[in-house]
Amino acid sequence: MSESALKEKIDPARLPSHVAIIMDGNGRWAMQKGHLRMLGHQYGVQAVRNVTEAAAELGVKYVTLYAFSTENWRRPQEEINALMALLVDTIQSETDTLMKNGIRLEAIGNLAQLPTACNKQLQETVEVTKDNDRMTLILALSYSGRWDIIEATRKIARQVKEGLLQPDEIDENVLNSALNTSRYPNPELLIRTSGEQRISNFLLWEIAYAEMHFTPVLWPDFSKDDFYQAILDFQQRDRRFGLTAEQLHS
Ligand code: FPP
């Protein structure tokens with residue numbers, strides 16, 4: 001099979017080390033086809049496979065997927081139950097593939113809120129895959145950016161109260177290390193599917209300098225080529241981090 005023409009255009013020396021993805025549009029994809037919303041989530045799993053495989057093949061080191069937000073708990077109970085069951089099934093059935101491909105699974109979020117079976121399966125796969133080092137796949141589950149910032153603030157406040165830290169010592173590094181995402185580099189590219197152009201409480205602190213890629217493609221239709229397109233879009237951006245172009249390129 002011939003390699004994708006898009007893939008060949010990617011410069012392997014300028015890959016984002018961390019790509020974060022808001023997987024959106026599963027419900028609309030299903031409704032457009034006259035199906036129940038849940039079918040969209042089921043087909044969304046194939047898109048998760050596409051992206052994981054494409055990212056690992058390219059050499060991207062971290063991929064974070066927004067799989068279930070704090071706000072998603074307000075969805076109909078039936079959809080929540082079905083999504084949690086799908087997560088358990090998928091994590092279980094994909095564990096072998098993760099092992100074969102050297103991928104470590106990790107999770108961020110308020111995991112204690114997940115149903116026991118879901119949390120248990122997650123912990124099991126996280127443990128089994130912990131020594132893999134080709135790529136880390138991070139699932140954001142019962143996660144929101146504000147939730148994590150509040151949790152981090154509480155941790156820091158306790159350290160101050162115990163006299164381990166002075167208020168003036170609180171800086172970006174202290175906050176970084178109190179977040180659920182402390183062990184990952186900040187995402188350099190954020191992708192959102194389905195045409196919506198919002199952040200929806202995802203990785204608020206971490207995306208300070210991320211490039212945004214919005215695509216109208218609904219998540220279940222998101223292919224490897226769509227992922228390559230997002231990387232190419234990223235590679236065409238002039239990333240300045242607040243500096244002038246002259247400063248950066250001198
Ligand atoms: C957003 O579409 C999608 C979700 C809230 C869930 C994503 C879950 C999966 C793709 C399945 C399993 C994932 C993993 C990582 C194993 P939406 O329902 O908000 O779509 P809509 O905006 O069209 O309603």
# chains A, B, ... in the order shown; residues from 1 in each chain; ligands from 1
$ residues_near_ligand --ligand "ligand 1" --cutoff "7 Å" --atoms "only C-alpha atoms and all ligand atoms" --output "list in words"
Met23, Asp24, Gly25, Asn26, Gly27, Arg28, Trp29, Arg37, His41, Gln42, Gly44, Val45, Val48, Leu65, Ala67, Phe68, Asn72, Leu83, Leu86, Leu87, Thr90, Ile91 and Leu139 of chain A
$ residues_around --residues "A:Val174" --least-positions-apart "5" --cutoff "10 Å" --atoms "only C-alpha atoms" --output "list in words"
Ala152, Thr153, Ile156, Leu165, Glu169, Leu179 and Ser182 of chain A
$ closest_atom_pairs --of "stretch 4-62 of chain A" --to "stretch 140-150 of chain A" --cutoff "12 Å" --atoms "only C-alpha atoms" --output "JSON lines"
{"residue": "A:Ala20", "atom": "CA", "partner": "A:Ala140", "partner_atom": "CA", "distance": 9.9}
{"residue": "A:Ile21", "atom": "CA", "partner": "A:Ala140", "partner_atom": "CA", "distance": 10.0}
{"residue": "A:Ile22", "atom": "CA", "partner": "A:Ala140", "partner_atom": "CA", "distance": 9.9}
{"residue": "A:Met23", "atom": "CA", "partner": "A:Ala140", "partner_atom": "CA", "distance": 11.1}
$ write_last_selection --atoms "C-alpha atoms" --output "short mmCIF file (atom, residue, chain, number, x, y, z; two decimals), in the first residue's frame"
data_model
loop_
_atom_site.label_atom_id
_atom_site.label_comp_id
_atom_site.auth_asym_id
_atom_site.auth_seq_id
_atom_site.Cartn_x
_atom_site.Cartn_y
_atom_site.Cartn_z
CA ALA A 20 -4.18 17.41 22.39
CA ILE A 21 -7.51 16.55 20.75
CA ILE A 22 -11.11 17.57 21.46
CA MET A 23 -12.98 14.69 19.81
#
$ select_by_dssp --residues "stretch 68-155 of chain A" --states "alpha helix (DSSP H)" --output "PyMOL selection string"
chain A and resi 77-100+116-128+145-155
$ residues_around --residues "A:Gly242" --least-positions-apart "5" --cutoff "12 Å" --atoms "only C-alpha atoms" --output "PyMOL selection string"
chain A and resi 208-209+247-248
$ select_by_dssp --residues "stretch 15-239 of chain A" --states "strand (DSSP E)" --output "VMD selection string"
chain A and resid 18 to 22 62 to 69 103 to 108 135 to 143 189 to 192 211 to 214
$ closest_residue --among "A:Gln235, A:Met135, A:Tyr62, A:Ala117" --to "A:Leu98" --atoms "only C-alpha atoms"
A:Met135
$ closest_residue --among "A:Asp131, A:Glu196, A:Asp221, A:Asp226" --to "A:Tyr43" --atoms "only C-alpha atoms"
A:Asp221
$ residues_around --residues "A:Gly195" --least-positions-apart "5" --cutoff "9 Å" --atoms "only C-alpha atoms" --output "list in words"
Asp24, Gly25, Phe214, Thr215, Pro216, Val217 and Leu218 of chain A
$ atom_distance --atom1 "atom CA of A:Gln77" --atom2 "atom CA of A:Thr95"
27.1 Å
$ atom_distance --atom1 "atom CA of A:Ile231" --atom2 "atom CA of A:Gln46"
19.5 Å
$ atom_distance --atom1 "atom CA of A:Phe222" --atom2 "atom CA of A:Ala55"
13.2 Å
$ closest_residue --among "A:Ile170, A:Val88, A:Ile108, A:Leu15" --to "A:Ala230" --atoms "only C-alpha atoms"
A:Leu15
$ closest_residue --among "A:Asn173, A:Ser93, A:Asn101, A:Asn110" --to "A:Thr70" --atoms "only C-alpha atoms"
A:Asn110
